[in-house]
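Here's query14.pdb, which has PDB, C-alpha atoms:
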```pdb
ATOM      1  CA  MET A 384      86.707  60.868  91.565
ATOM      2  CA  VAL A 385      83.372  59.031  91.750
ATOM      3  CA  LYS A 386      81.524  62.349  91.567
ATOM      4  CA  LEU A 387      83.518  63.308  88.466
ATOM      5  CA  ARG A 388      82.639  60.001  86.750
ATOM      6  CA  LEU A 389      79.002  60.360  87.720
ATOM      7  CA  LEU A 390      78.951  63.911  86.386
ATOM      8  CA  SER A 391      80.620  62.771  83.133
ATOM      9  CA  VAL A 392      78.068  59.968  82.673
ATOM     10  CA  LEU A 393      75.188  62.385  83.263
ATOM     11  CA  ILE A 394      76.567  64.914  80.771
ATOM     12  CA  ILE A 395      77.170  62.256  78.117
ATOM     13  CA  SER A 396      73.716  60.767  78.700
ATOM     14  CA  ASN A 397      72.142  64.200  78.404
ATOM     15  CA  LEU A 398      74.008  64.893  75.153
ATOM     16  CA  VAL A 399      72.942  61.561  73.658
ATOM     17  CA  LEU A 400      69.302  62.088  74.637
ATOM     18  CA  THR A 401      69.338  65.667  73.344
ATOM     19  CA  SER A 402      70.813  64.623  69.993
ATOM     20  CA  CYS A 403      68.140  61.918  69.658
ATOM     21  CA  VAL A 404      65.392  64.460  70.287
ATOM     22  CA  VAL A 405      66.886  66.920  67.803
ATOM     23  CA  SER A 406      67.363  64.109  65.291
ATOM     24  CA  ASN A 407      63.721  63.071  65.636
ATOM     25  CA  LYS A 408      62.549  66.644  65.198
ATOM     26  CA  LYS A 409      64.498  66.945  61.934
ATOM     27  CA  GLU A 410      63.021  63.718  60.640
ATOM     28  CA  ASN A 411      59.504  64.828  61.527
ATOM     29  CA  THR A 412      59.763  68.198  59.775
ATOM     30  CA  PHE A 413      59.507  66.535  56.354
ATOM     31  CA  VAL A 414      56.029  65.173  55.851
ATOM     32  CA  GLU A 415      55.371  63.380  52.621
ATOM     33  CA  LYS A 416      52.368  65.048  51.045
ATOM     34  CA  LYS A 417      49.809  62.849  49.355
ATOM     35  CA  PHE A 418      47.734  64.337  46.547
ATOM     36  CA  ASN A 419      44.291  63.519  45.300
ATOM     37  CA  GLU A 420      45.098  61.581  42.105
ATOM     38  CA  LYS A 421      42.378  63.251  39.996
ATOM     39  CA  ASP A 422      43.489  66.730  41.073
ATOM     40  CA  PHE A 423      47.127  65.804  40.434
ATOM     41  CA  GLU A 424      46.266  64.741  36.875
ATOM     42  CA  LYS A 425      44.230  67.921  36.270
ATOM     43  CA  VAL A 426      46.974  70.225  37.612
ATOM     44  CA  GLU A 427      49.537  68.429  35.479
ATOM     45  CA  ALA A 428      47.218  68.661  32.443
ATOM     46  CA  ALA A 429      46.782  72.424  32.920
ATOM     47  CA  ILE A 430      50.544  72.952  32.919
ATOM     48  CA  LEU A 431      50.968  70.617  29.959
ATOM     49  CA  ASP A 432      48.325  72.618  28.057
ATOM     50  CA  TYR A 433      50.266  75.800  28.857
ATOM     51  CA  VAL A 434      53.639  74.532  27.568
ATOM     52  CA  GLU A 435      52.220  72.682  24.583
ATOM     53  CA  ALA A 436      50.175  75.720  23.581
ATOM     54  CA  LEU A 437      53.487  77.491  23.041
ATOM     55  CA  TYR A 438      55.416  74.536  21.604
ATOM     56  CA  LEU A 439      52.612  73.467  19.217
ATOM     57  CA  VAL A 440      51.321  76.979  18.353
ATOM     58  CA  ASP A 441      47.855  76.242  19.758
ATOM     59  CA  SER A 442      46.508  79.250  21.630
ATOM     60  CA  THR A 443      43.210  77.467  22.388
ATOM     61  CA  ARG A 444      45.098  75.492  25.032
ATOM     62  CA  ILE A 445      45.939  78.744  26.852
ATOM     63  CA  ASN A 446      42.221  79.525  27.105
ATOM     64  CA  LYS A 447      41.656  76.022  28.445
ATOM     65  CA  SER A 448      44.320  76.145  31.174
ATOM     66  CA  VAL A 449      44.984  79.777  32.122
ATOM     67  CA  ASP A 450      42.597  82.002  34.062
ATOM     68  CA  LYS A 451      41.656  85.331  32.470
ATOM     69  CA  SER A 452      43.021  87.099  35.576
ATOM     70  CA  LEU A 453      46.533  85.767  34.893
ATOM     71  CA  ARG A 454      49.442  87.638  36.517
ATOM     72  CA  LYS A 455      52.683  86.686  34.792
ATOM     73  CA  ILE A 456      56.094  88.282  35.291
ATOM     74  CA  GLY A 457      59.499  87.192  34.168
ATOM     75  CA  TYR A 458      63.212  87.716  34.093
ATOM     76  CA  TYR A 459      64.912  87.300  30.722
ATOM     77  CA  TYR A 460      68.685  86.904  30.723
ATOM     78  CA  HIS A 461      70.205  88.990  27.929
ATOM     79  CA  PRO A 462      73.433  87.194  26.946
ATOM     80  CA  ASP A 463      74.974  90.212  25.175
ATOM     81  CA  LYS A 464      74.358  92.560  28.101
ATOM     82  CA  LYS A 465      75.128  89.760  30.600
ATOM     83  CA  ASN A 466      72.240  90.752  32.855
ATOM     84  CA  TYR A 467      68.524  90.253  33.340
ATOM     85  CA  ILE A 468      65.714  92.311  31.940
ATOM     86  CA  ASP A 469      63.370  92.321  34.948
ATOM     87  CA  ASN A 470      59.653  92.258  35.596
ATOM     88  CA  LEU A 471      58.498  91.471  32.085
ATOM     89  CA  GLU A 472      54.727  91.428  32.567
ATOM     90  CA  MET A 473      52.207  89.547  30.467
ATOM     91  CA  THR A 474      48.416  89.396  30.521
ATOM     92  CA  HIS A 475      46.211  86.482  29.536
ATOM     93  CA  GLN A 476      45.483  88.057  26.151
ATOM     94  CA  GLN A 477      49.181  88.691  25.480
ATOM     95  CA  LEU A 478      49.921  85.056  26.312
ATOM     96  CA  VAL A 479      47.197  83.910  23.888
ATOM     97  CA  ARG A 480      48.750  86.055  21.128
ATOM     98  CA  LEU A 481      52.241  84.767  21.967
ATOM     99  CA  ALA A 482      51.099  81.125  21.805
ATOM    100  CA  ALA A 483      49.600  81.777  18.353
ATOM    101  CA  ARG A 484      52.962  82.900  16.907
ATOM    102  CA  TRP A 485      55.962  82.093  19.155
ATOM    103  CA  ASN A 486      56.905  78.780  17.526
ATOM    104  CA  SER A 487      55.084  79.289  14.196
ATOM    105  CA  ASP A 488      58.223  78.393  12.209
ATOM    106  CA  PHE A 489      58.940  75.513  14.629
ATOM    107  CA  ASP A 490      62.388  76.968  15.270
ATOM    108  CA  GLN A 491      61.920  77.663  19.009
ATOM    109  CA  ALA A 492      60.871  74.220  20.229
ATOM    110  CA  ASP A 493      60.407  70.695  18.893
ATOM    111  CA  GLU A 494      59.351  67.255  20.131
ATOM    112  CA  ASN A 495      62.630  66.943  22.059
ATOM    113  CA  SER A 496      62.262  70.240  23.932
ATOM    114  CA  PRO A 497      61.980  69.891  27.700
ATOM    115  CA  LYS A 498      58.642  70.004  29.485
ATOM    116  CA  GLU A 499      59.453  68.750  32.949
ATOM    117  CA  ILE A 500      56.644  69.311  35.438
ATOM    118  CA  GLU A 501      57.118  69.159  39.203
ATOM    119  CA  ILE A 502      54.055  69.526  41.384
ATOM    120  CA  PHE A 503      54.858  70.823  44.851
ATOM    121  CA  ASP A 504      51.489  71.077  46.552
ATOM    122  CA  ILE A 505      47.802  70.499  45.826
ATOM    123  CA  ASN A 506      45.082  71.541  48.231
ATOM    124  CA  SER A 507      41.320  71.661  47.806
ATOM    125  CA  LYS A 508      41.418  75.042  45.968
ATOM    126  CA  THR A 509      45.118  75.889  45.371
ATOM    127  CA  ALA A 510      48.216  74.244  43.934
ATOM    128  CA  SER A 511      51.839  75.117  43.148
ATOM    129  CA  ALA A 512      54.181  73.664  40.549
ATOM    130  CA  LYS A 513      57.286  74.183  38.414
ATOM    131  CA  LEU A 514      57.880  73.761  34.690
ATOM    132  CA  THR A 515      61.275  73.501  33.054
ATOM    133  CA  ALA A 516      60.872  74.371  29.376
ATOM    134  CA  VAL A 517      63.069  75.418  26.491
ATOM    135  CA  TRP A 518      62.846  79.104  27.514
ATOM    136  CA  GLY A 519      63.604  78.535  31.186
ATOM    137  CA  ILE A 520      61.801  77.905  34.443
ATOM    138  CA  ASP A 521      58.185  78.804  35.230
ATOM    139  CA  LEU A 522      56.777  78.667  38.754
ATOM    140  CA  PHE A 523      52.982  78.400  38.967
ATOM    141  CA  HIS A 524      50.125  79.056  41.327
ATOM    142  CA  LEU A 525      46.904  77.410  40.261
ATOM    143  CA  ALA A 526      43.344  77.699  41.546
ATOM    144  CA  LYS A 527      40.387  75.377  41.211
ATOM    145  CA  VAL A 528      37.740  77.493  39.484
ATOM    146  CA  ASN A 529      34.351  75.902  38.747
ATOM    147  CA  ASN A 530      35.937  72.484  39.359
ATOM    148  CA  GLN A 531      38.673  73.170  36.777
ATOM    149  CA  TRP A 532      42.343  73.848  37.592
ATOM    150  CA  LYS A 533      43.512  77.156  36.108
ATOM    151  CA  ILE A 534      46.901  78.858  36.177
ATOM    152  CA  VAL A 535      46.533  82.247  37.879
ATOM    153  CA  ASN A 536      50.146  83.299  38.613
ATOM    154  CA  VAL A 537      53.389  82.627  36.784
ATOM    155  CA  ILE A 538      56.863  83.875  37.627
ATOM    156  CA  TRP A 539      59.583  82.781  35.240
ATOM    157  CA  GLN A 540      63.220  83.266  34.365
ATOM    158  CA  SER A 541      65.505  82.277  31.522
ATOM    159  CA  GLN A 542      67.555  79.138  32.002
ATOM    160  CA  PRO A 543      70.272  79.968  34.538
ATOM    161  CA  THR A 544      73.702  80.252  32.959
ATOM    162  CA  PHE A 545      77.193  80.217  34.365
ATOM    163  CA  GLU A 546      77.681  83.797  33.127
ATOM    164  CA  GLU A 547      75.313  85.162  35.768
TER     165      GLU A 547
END
```
Representation of the structure as structure tokens:
Amino acid sequence: MVKLRLLSVLIISNLVLTSCVVSNKKENTFVEKKFNEKDFEKVEAAILDYVEALYLVDSTRINKSVDKSLRKIGYYYHPDKKNYIDNLEMTHQQLVRLAARWNSDFDQADENSPKEIEIFDINSKTASAKLTAVWGIDLFHLAKVNNQWKIVNVIWQSQPTFEE
């Protein structure tokens, strides 16, 4: 009987200690990342230039914030067909042309259109972020080129719908 109690106490103690260790490991896996404030502002400004170039029909802001080597692909949800049109590719020059005309009648976006920017990571030369805009969601990779943050990759999709 004493051996059984001793064994029970040891097992329970082991379980408690193990759960504490596992619990601590889970807590330590999330490390709050701190960003250089100047880089944070410049990354945010590059993405703001990108979205406002389209909203405000100002293609010069694309040249300011997007690298000439841009790789952009997207997934447009076609509501009539109820499916996505995949891998829509766009070059830097095509994006410049789009920004010069997309909202020219100001019927695509206005001052109330969303432009929510989330910055995930900023390193010394690379950064990643997300934009929620009127057309959907853009995910970005940026690079610091000649001390200026430039968008080099974009993958986007239309706003998710419940029809998907």
Problem - Answer key for the PyMOL selection byres ((chain A and resi 453-469) around 8), residues as a ChimeraX atom specification - result: /A:449-452,470-475,534-542,546-547
Problem - Contact residues around A:Tyr433 with only C-alpha atoms at 7 Å, ignoring same-chain residues under 6 positions, as number ranges by chain - result: A: 444-445, 448
Problem - Non-local contacts of A:Ala436 (12 Å; all atoms listed in the file; under 2 positions in same chain excluded) as a ChimeraX atom specification - result: /A:428-434,438-449,478-487,492,498
Handout entry: Shell of 10 Å around A:Lys417, all atoms listed in the file, local chain residues under 4 positions omitted, as a list of chain:residue names
Key =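 The neighbour list is A:Phe423, A:Asp504, A:Ile505, A:Asn506.
Closest to A:Val426 among A:Gln491, A:Asn530, A:Gln476, A:Thr544 is A:Asn530, based on all atoms listed in the file.
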Exercise for the section: Report as a ChimeraX atom specification the residues that result from applying the PyMOL selection byres ((chain A and resi 517) around 7) to the structure here. Expected result: /A:492,496-497,516,518-519
Kindly compute an axis-aligned box around the listed atoms of stretch 463-472 of chain A, allowing 6 Å on each side, and express its centre and edge lengths in Å to one decimal as AutoDock Vina command-line options.
```
--center_x 64.9 --center_y 91.2 --center_z 30.4 --size_x 32.4 --size_y 14.8 --size_z 22.4
```
Handout entry: For atom CA of A:Gln477 and atom CA of A:Ser507, the interatomic separation in Å (one decimal)
Key =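 Going from atom CA of A:Gln477 over to atom CA of A:Ser507 covers 29.2 Å.
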Exercise for the section: State, in Å with one decimal place, the distance from atom CA of A:Pro543 to atom CA of A:Asn495. Expected result: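 Separation of atom CA of A:Pro543 and atom CA of A:Asn495: 19.6 Å.
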Practice task
Provide the atom CA of A:Phe503 to atom CA of A:His524 distance in Å, to one decimal place.
Solution key: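 According to the coordinates, atom CA of A:Phe503 and atom CA of A:His524 are separated by 10.1 Å.
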Exercise for the section: Select, from A:Glu499, A:Glu435, A:Glu494, A:Glu427, the residue with the minimum atom-to-atom distance to A:Leu525, counting all atoms listed in the file. Expected result: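 So, comparing all the options, the nearest one is A:Glu427.
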